[in-house]
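Listing of input.cif, mmCIF, C-alpha atoms
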```
data_my_file
loop_
_atom_site.label_atom_id
_atom_site.label_comp_id
_atom_site.auth_asym_id
_atom_site.auth_seq_id
_atom_site.Cartn_x
_atom_site.Cartn_y
_atom_site.Cartn_z
CA MET B 285 13.78 10.55 27.49
CA ALA B 286 17.55 11.06 27.69
CA THR B 287 18.15 11.33 23.96
CA LYS B 288 21.80 12.32 24.31
CA SER B 289 22.61 8.89 25.77
CA GLU B 290 20.25 6.85 23.59
CA LEU B 291 22.94 6.61 20.88
CA GLY B 292 25.53 5.37 23.36
CA ARG B 293 23.17 2.84 24.92
CA PHE B 294 22.21 1.51 21.50
CA LEU B 295 25.86 1.08 20.47
CA GLN B 296 26.85 -0.51 23.76
CA THR B 297 23.93 -2.94 23.81
CA ARG B 298 24.38 -4.07 20.23
CA ARG B 299 28.15 -4.41 20.73
CA ALA B 300 27.49 -6.70 23.70
CA GLN B 301 25.27 -8.92 21.55
CA LEU B 302 28.09 -9.79 19.10
CA GLN B 303 30.81 -12.36 19.73
CA PRO B 304 34.25 -12.24 18.04
CA ALA B 305 33.38 -15.36 16.06
CA ASP B 306 30.29 -13.61 14.68
CA VAL B 307 32.46 -11.04 12.90
CA GLY B 308 35.44 -13.19 11.96
CA LEU B 309 37.77 -12.19 14.81
CA PRO B 310 39.96 -14.83 16.51
CA MET B 311 38.82 -16.03 19.94
CA TYR B 312 41.73 -16.52 22.31
CA ASP B 313 41.71 -18.59 25.49
CA GLU B 314 41.58 -15.49 27.64
CA ARG B 315 38.83 -14.64 30.08
CA ARG B 316 36.93 -11.77 28.51
CA ARG B 317 35.90 -9.00 30.87
CA VAL B 318 32.92 -7.81 28.83
CA PRO B 319 30.08 -9.65 27.08
CA GLY B 320 30.38 -9.54 23.32
CA LEU B 321 32.87 -7.36 21.47
CA ARG B 322 35.25 -4.99 23.20
CA ARG B 323 35.34 -1.35 22.15
CA ASP B 324 38.72 -1.72 20.49
CA GLU B 325 37.46 -4.69 18.44
CA LEU B 326 34.42 -2.81 17.17
CA ALA B 327 36.51 0.27 16.42
CA GLN B 328 38.91 -1.90 14.42
CA LEU B 329 36.05 -3.41 12.41
CA ALA B 330 34.58 0.04 11.70
CA GLY B 331 37.91 1.59 10.78
CA VAL B 332 37.89 4.28 13.49
CA SER B 333 40.15 4.87 16.46
CA GLU B 334 39.26 3.32 19.79
CA SER B 335 39.37 6.72 21.50
CA TYR B 336 36.94 8.21 18.98
CA TYR B 337 34.52 5.28 19.30
CA THR B 338 34.72 5.51 23.11
CA ARG B 339 33.80 9.20 23.02
CA LEU B 340 30.91 8.41 20.68
CA GLU B 341 29.56 5.67 22.93
CA GLN B 342 29.92 7.87 26.01
CA GLY B 343 28.07 10.76 24.37
CA GLN B 344 31.12 13.03 24.27
CA SER B 345 31.31 13.23 20.48
CA LEU B 346 28.11 14.25 18.70
CA ASN B 347 29.29 14.84 15.13
CA ALA B 348 29.71 11.39 13.64
CA SER B 349 29.54 11.57 9.84
CA PRO B 350 27.10 9.44 7.84
CA GLU B 351 30.09 7.45 6.56
CA VAL B 352 31.24 6.62 10.10
CA LEU B 353 27.71 5.66 11.12
CA ASP B 354 27.41 3.36 8.11
CA ALA B 355 30.76 1.78 8.98
CA LEU B 356 29.55 1.16 12.54
CA ALA B 357 26.31 -0.28 11.21
CA ARG B 358 28.25 -2.74 9.05
CA ALA B 359 30.53 -3.68 11.94
CA LEU B 360 27.52 -4.29 14.20
CA ARG B 361 25.76 -6.31 11.48
CA LEU B 362 22.72 -4.04 11.60
CA ASP B 363 19.91 -4.49 9.11
CA GLU B 364 18.51 -1.58 7.11
CA THR B 365 15.93 -0.61 9.73
CA GLU B 366 18.56 -0.66 12.48
CA ARG B 367 20.95 1.36 10.32
CA ARG B 368 18.30 4.06 9.84
CA HIS B 369 17.63 4.00 13.57
CA LEU B 370 21.35 4.55 14.25
CA HIS B 371 21.33 7.61 11.97
CA ASP B 372 18.17 8.90 13.69
CA LEU B 373 19.79 8.60 17.12
CA ALA B 374 22.95 10.35 15.94
CA GLY B 375 20.87 13.21 14.52
CA THR B 376 18.99 13.47 17.80
CA ALA B 377 22.25 13.66 19.77
CA ARG B 378 23.51 16.50 17.57
CA GLN B 379 20.31 18.48 18.17
CA SER B 380 20.07 17.85 21.92
CA GLY B 381 19.69 20.84 24.17
CA LYS B 382 18.04 23.05 21.53
CA GLY B 383 14.85 23.53 23.49
CA ARG B 384 12.17 21.47 25.13
CA THR B 385 9.73 19.68 22.88
CA ARG B 386 6.13 20.83 23.32
CA ARG B 387 3.38 18.35 23.95
CA PRO B 388 1.83 17.65 20.54
CA ALA B 389 -1.86 18.10 19.84
CA PRO B 390 -4.00 14.93 19.74
CA GLU B 391 -3.74 13.13 16.40
CA ARG B 392 -6.72 13.14 14.05
CA VAL B 393 -7.75 11.15 11.00
CA ASN B 394 -8.68 13.20 7.94
CA ALA B 395 -11.68 12.64 5.69
CA ALA B 396 -9.66 10.98 2.92
CA THR B 397 -8.30 8.37 5.33
CA ARG B 398 -11.76 7.64 6.71
CA GLN B 399 -13.00 7.17 3.16
CA LEU B 400 -10.19 4.70 2.50
CA LEU B 401 -11.03 2.82 5.70
CA ASP B 402 -14.72 2.62 4.79
CA SER B 403 -13.93 1.39 1.27
CA LEU B 404 -12.19 -1.73 2.61
CA GLY B 405 -15.55 -3.26 3.56
CA ASP B 406 -15.10 -6.65 5.24
CA THR B 407 -11.30 -6.42 5.29
CA PRO B 408 -10.15 -5.60 8.83
CA ALA B 409 -8.17 -2.35 8.93
CA VAL B 410 -7.02 0.17 11.53
CA VAL B 411 -5.29 3.54 11.36
CA LEU B 412 -2.44 3.85 13.87
CA GLY B 413 -0.77 7.06 14.97
CA ARG B 414 2.89 7.74 15.60
CA TYR B 415 2.65 6.25 19.12
CA SER B 416 0.58 3.21 18.04
CA ASP B 417 -2.66 4.84 19.17
CA MET B 418 -5.65 3.35 17.35
CA LEU B 419 -7.07 6.45 15.65
CA ALA B 420 -9.82 4.75 13.62
CA TRP B 421 -10.92 1.23 12.75
CA ASN B 422 -13.59 -0.40 10.67
CA PRO B 423 -16.16 -2.71 12.29
CA LEU B 424 -14.40 -5.97 11.45
CA GLU B 425 -11.04 -4.79 12.81
CA HIS B 426 -12.80 -3.77 16.02
CA ALA B 427 -14.45 -7.18 16.27
CA LEU B 428 -11.20 -9.04 15.51
CA PHE B 429 -8.83 -7.19 17.82
CA ALA B 430 -10.82 -5.24 20.38
CA GLY B 431 -14.42 -6.43 20.52
CA HIS B 432 -14.38 -5.97 24.30
CA LEU B 433 -13.94 -2.20 23.87
CA ASP B 434 -16.43 0.50 22.94
CA PRO B 435 -16.33 0.77 19.11
CA ARG B 436 -16.40 4.58 19.45
CA SER B 437 -13.31 4.79 21.66
CA PRO B 438 -10.83 5.75 18.87
CA ASP B 439 -12.85 8.94 18.31
CA GLN B 440 -12.16 10.12 21.86
CA PRO B 441 -8.51 11.11 22.44
CA GLY B 442 -8.79 10.61 26.19
CA ARG B 443 -10.04 7.02 25.80
CA ARG B 444 -8.18 6.01 22.67
CA PRO B 445 -6.84 2.42 22.73
CA ASN B 446 -3.10 2.04 22.22
CA SER B 447 -2.04 -1.18 20.51
CA ALA B 448 1.30 -1.40 22.35
CA ARG B 449 -0.34 -0.86 25.74
CA MET B 450 -3.01 -3.45 24.93
CA VAL B 451 -0.53 -6.14 23.84
CA PHE B 452 1.26 -5.95 27.20
CA LEU B 453 -1.45 -4.89 29.64
CA ASP B 454 -4.78 -6.15 28.23
CA ALA B 455 -5.48 -9.81 29.02
CA HIS B 456 -8.01 -10.12 26.17
CA VAL B 457 -5.50 -9.01 23.54
CA ARG B 458 -2.70 -11.07 25.04
CA ASP B 459 -4.84 -14.20 24.75
CA LEU B 460 -5.55 -13.49 21.07
CA TYR B 461 -2.01 -14.37 19.93
CA ASP B 462 -0.77 -17.94 19.68
CA ASP B 463 2.84 -16.70 19.73
CA TRP B 464 2.50 -13.75 22.09
CA PRO B 465 6.28 -13.33 22.60
CA LYS B 466 6.70 -12.75 18.85
CA LYS B 467 3.97 -10.09 18.88
CA ALA B 468 5.54 -8.50 21.95
CA ARG B 469 8.97 -8.30 20.28
CA ASP B 470 7.39 -6.67 17.23
CA VAL B 471 5.68 -4.05 19.40
CA VAL B 472 8.84 -3.18 21.32
CA GLY B 473 10.93 -2.99 18.15
CA LYS B 474 8.48 -0.52 16.61
CA LEU B 475 8.49 1.64 19.72
CA ARG B 476 12.30 1.66 19.61
CA PHE B 477 12.10 2.83 16.01
CA ALA B 478 9.67 5.58 17.05
CA VAL B 479 12.13 6.81 19.70
CA GLY B 480 14.61 7.56 16.93
CA GLN B 481 12.00 9.30 14.80
CA TYR B 482 10.34 11.35 17.57
CA PRO B 483 13.06 12.17 20.12
CA ASP B 484 12.11 13.83 23.39
CA ASP B 485 8.41 13.41 22.62
CA PRO B 486 6.61 13.60 26.00
CA VAL B 487 3.68 11.40 24.91
CA LEU B 488 6.01 8.64 23.74
CA ALA B 489 8.09 8.95 26.92
CA GLU B 490 4.96 8.61 29.07
CA LEU B 491 3.84 5.49 27.19
CA ILE B 492 7.24 3.82 27.54
CA GLY B 493 7.43 4.79 31.21
CA GLU B 494 4.01 3.28 31.86
CA LEU B 495 4.95 0.02 30.15
CA VAL B 496 8.27 -0.20 32.01
CA MET B 497 6.44 0.36 35.30
CA HIS B 498 3.72 -2.23 34.73
CA SER B 499 5.33 -4.96 32.61
CA LYS B 500 8.54 -6.81 33.45
CA GLU B 501 8.38 -8.47 30.03
CA PHE B 502 8.35 -5.11 28.31
CA THR B 503 11.27 -3.91 30.44
CA THR B 504 13.35 -6.94 29.49
CA LEU B 505 12.66 -6.56 25.77
CA TRP B 506 13.19 -2.80 25.89
CA SER B 507 16.68 -3.26 27.32
CA GLU B 508 17.72 -5.29 24.26
CA HIS B 509 17.50 -2.25 21.92
CA ARG B 510 16.07 -4.31 19.06
CA VAL B 511 14.48 -2.24 16.29
CA ARG B 512 11.70 -3.12 13.86
CA ASP B 513 10.02 -1.06 11.17
CA TRP B 514 6.38 -1.32 10.19
CA ASP B 515 6.07 -3.78 7.31
CA ILE B 516 4.51 -7.26 7.05
CA ALA B 517 3.82 -9.69 9.89
CA THR B 518 2.02 -13.01 10.19
CA HIS B 519 0.21 -14.16 13.32
CA ARG B 520 -2.08 -16.96 14.41
CA MET B 521 -4.90 -15.50 16.44
CA HIS B 522 -7.37 -17.39 18.66
CA HIS B 523 -10.56 -15.39 18.54
CA PRO B 524 -13.11 -16.15 21.30
CA LEU B 525 -16.02 -16.23 18.82
CA VAL B 526 -14.65 -17.86 15.65
CA GLY B 527 -11.56 -19.76 16.78
CA PRO B 528 -8.13 -19.87 15.08
CA VAL B 529 -7.39 -17.28 12.39
CA ASP B 530 -4.07 -17.07 10.51
CA VAL B 531 -3.65 -13.44 9.46
CA LEU B 532 -1.25 -11.40 7.39
CA GLN B 533 -0.87 -7.82 8.61
CA GLN B 534 0.49 -5.21 6.18
CA ALA B 535 1.31 -1.69 7.38
CA MET B 536 1.50 1.19 4.91
CA PRO B 537 2.29 4.83 5.66
CA LEU B 538 -0.42 7.32 4.78
CA PRO B 539 0.55 10.11 2.39
CA ASP B 540 -0.13 12.97 4.81
CA GLY B 541 3.39 12.82 6.27
CA ARG B 542 2.21 12.91 9.89
CA GLY B 543 3.48 9.48 10.87
CA GLN B 544 0.12 7.74 10.57
CA ARG B 545 -0.19 4.35 8.89
CA ILE B 546 -2.97 1.98 7.95
CA VAL B 547 -2.69 -1.68 8.91
CA ILE B 548 -4.71 -4.08 6.77
CA VAL B 549 -5.42 -7.69 7.76
CA THR B 550 -5.91 -10.41 5.15
CA THR B 551 -6.19 -14.20 5.10
CA GLU B 552 -5.46 -16.92 2.54
CA PRO B 553 -8.25 -17.34 -0.06
CA ASP B 554 -10.52 -20.36 0.44
CA SER B 555 -8.98 -21.11 3.83
CA ALA B 556 -10.47 -21.86 7.23
CA SER B 557 -9.17 -18.49 8.35
CA ARG B 558 -11.04 -16.73 5.55
CA ALA B 559 -14.20 -18.59 6.57
CA ALA B 560 -13.66 -17.54 10.19
CA LEU B 561 -13.37 -13.87 9.19
CA THR B 562 -16.50 -14.17 7.03
CA LEU B 563 -18.39 -15.59 10.00
CA LEU B 564 -17.07 -12.81 12.25
CA ALA B 565 -18.22 -10.23 9.69
CA GLN B 566 -21.70 -11.74 9.73
CA LEU B 567 -21.81 -11.70 13.52
CA THR B 568 -20.58 -8.11 13.54
CA THR B 569 -23.28 -7.04 11.09
CA SER B 570 -25.98 -8.77 13.16
CA GLU B 571 -24.82 -7.03 16.35
CA ALA B 572 -24.72 -3.66 14.58
CA ASP B 573 -28.27 -4.17 13.28
CA GLU B 574 -29.45 -5.08 16.76
CA ARG B 575 -27.85 -1.97 18.28
CA GLU B 576 -29.53 0.18 15.63
CA SER B 577 -32.90 -1.39 16.33
CA ASN B 578 -32.47 -1.11 20.10
CA PRO B 579 -30.26 1.90 20.79
CA ARG B 580 -28.93 2.33 24.28
CA PRO B 581 -30.49 5.26 26.15
CA VAL B 582 -28.29 8.29 26.62
CA ALA B 583 -27.19 8.79 30.22
CA GLY B 584 -29.80 10.86 32.05
CA GLN B 585 -32.62 10.05 29.60
CA SER B 586 -35.34 7.45 29.81
CA PRO B 587 -35.68 4.93 26.98
CA ARG B 588 -38.42 5.43 24.44
CA ARG B 589 -41.72 3.69 25.05
#
```
Could you render the structure from this file as structure tokens?
Amino acid sequence: MATKSELGRFLQTRRAQLQPADVGLPMYDERRRVPGLRRDELAQLAGVSESYYTRLEQGQSLNASPEVLDALARALRLDETERRHLHDLAGTARQSGKGRTRRPAPERVNAATRQLLDSLGDTPAVVLGRYSDMLAWNPLEHALFAGHLDPRSPDQPGRRPNSARMVFLDAHVRDLYDDWPKKARDVVGKLRFAVGQYPDDPVLAELIGELVMHSKEFTTLWSEHRVRDWDIATHRMHHPLVGPVDVLQQAMPLPDGRGQRIVIVTTEPDSASRAALTLLAQLTTSEADERESNPRPVAGQSPRR
């Protein structure tokens, strides 16, 4: 991932998405040569020289102060998440060239997090890693989001599901969402945020490269440089077993400081969606009981007689 130019690409893309009228500048009857704001217009709004802003956008100046970055964020009408992302990218640019990042060890879920997950009972919940890998889930989350996958797959780093990959490349997951484009934008925005937090990470770079290679929709959204933090999202899901379910997803960082977060799914009390989740929980429990009563034989062994 070319982190030195990520800052410039972000600035250029967001500048192109603003029109003079959006920021209170007069619009003359001239034919504009660039989409959105020109460099001199953005520099004027941020209170910096055009030459300095040009060097910043071209990656030739790597020492922008926090005050200058905040001024650019205000000029670009960035929200708080986007402002933090801008600061992350600037910090990455300053540190570029200080050595190659090693491939990190596979992420793991500690005992305290597993205890928290188990305590949620019939509330769907999943633990996601820094790259949106699904590190652990409870039975109802598995049934709601990924019932077509082996429930043990999060425990195996080589087979671990990745929620971003599944949203774009897994037909089952794609069909779950009534407004799939909204879900797709959320996924891309969170990956953009991760790029600022984990620059030059080879695992993240491989994931993004795979999605760019196999999904034109991802490529289009990725080029927009939109950023989204993990917070609260609402979705209507169409589950193949229980039908429509309106869910509220809340993501909370875990206190271990390793970039993991738990995502908890809830529904409105006394609603049809709550009834659908209750039914899914019952079906999940019945299937689990059946598997326990009739365990699958281990490969290479004959079943008990």
Distance in Å - CA of Leu353 (chain B) versus CA of Val318 (chain B): 22.9 Å
Go through region 495-559 of chain B and flag each residue having an atom no more than 9 Å from region 459-477 of chain B; for those, report the closest pair of atoms plus their distance in Å to one decimal, using only C-alpha atoms, ordered by chain and rising number, as CSV.
```
residue,atom,partner,partner_atom,distance
B:Glu501,CA,B:Ala468,CA,8.6
B:Phe502,CA,B:Val472,CA,7.3
B:Leu505,CA,B:Val472,CA,6.8
B:Trp506,CA,B:Val472,CA,6.3
B:His509,CA,B:Arg476,CA,6.9
B:Arg510,CA,B:Gly473,CA,5.4
B:Val511,CA,B:Gly473,CA,4.1
B:Arg512,CA,B:Gly473,CA,4.4
B:Asp513,CA,B:Lys474,CA,5.7
B:Trp514,CA,B:Lys474,CA,6.8
B:Ala517,CA,B:Asp470,CA,8.7
B:His519,CA,B:Tyr461,CA,7.0
B:Arg520,CA,B:Asp462,CA,5.5
B:Met521,CA,B:Tyr461,CA,4.7
B:His522,CA,B:Leu460,CA,4.9
B:His523,CA,B:Leu460,CA,5.9
B:Pro524,CA,B:Leu460,CA,8.0
B:Pro528,CA,B:Asp462,CA,8.9
```
All residues 8 Å or closer to region 416-427 of chain B, all atoms listed in the file, same chain fewer than 6 positions away omitted, as a VMD selection string: chain B and resid 391 to 393 398 401 to 402 405 to 410 435 438 to 439 444 to 448 564 to 565 568
Computed interatomic separation between CA of Ala560 (chain B) and CA of Leu433 (chain B) (Å):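 Pair CA of Ala560 (chain B) / CA of Leu433 (chain B) returns 20.6 Å.
Between CA of Leu340 (chain B) and CA of Gly292 (chain B) lies a distance of 6.7 Å.
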Neighbour list for Met536 (chain B) as a list in words, cut-off 7 Å, only C-alpha atoms, skip fewer than 2 positions in-chain: Gln534, Leu538, Arg545, Ile546 and Val547 of chain B
